[in-house]
Amino acid sequence: MEPFENILILENEMEAQLLESILNERDIPHRLRSYHDSAYDGLYQAQRGWGLVLAPIAFRDEIMAIYRDLPLFSDV
């Protein structure tokens, strides 16, 4: 199996949950890593985003396309 690489940074938990659901449905290997650190009470999440998606580089384009198509409801 290919090593996992940083694919993209997620801005919030809603993005993370939605993207993970779709990646699981499509059997795309991935991991989500949150920037939350209880010692700093989420300070890094405020500065760097919620966390990131790691996956084999061969899936990068497919993951990015899925992410671009997410219904994020940011203007609701």
# chains A, B, ... in the order shown; residues from 1 in each chain; ligands from 1

$ residues_around --residues "segment 66-71 of chain A" --least-positions-apart "4" --cutoff "9 Å" --atoms "only C-alpha atoms" --output "ChimeraX atom specification"
/A:15,18-19,22-23,61-62

$ residues_around --residues "Leu32 of chain A" --least-positions-apart "4" --cutoff "8 Å" --atoms "only C-alpha atoms" --output "number ranges by chain"
A: 16, 20, 51-54

$ residues_around --residues "Pro56 of chain A" --least-positions-apart "4" --cutoff "8 Å" --atoms "only C-alpha atoms" --output "list of chain:residue names"
A:Glu2, A:Pro3, A:Phe4, A:Glu5, A:Pro29, A:His30, A:Arg60
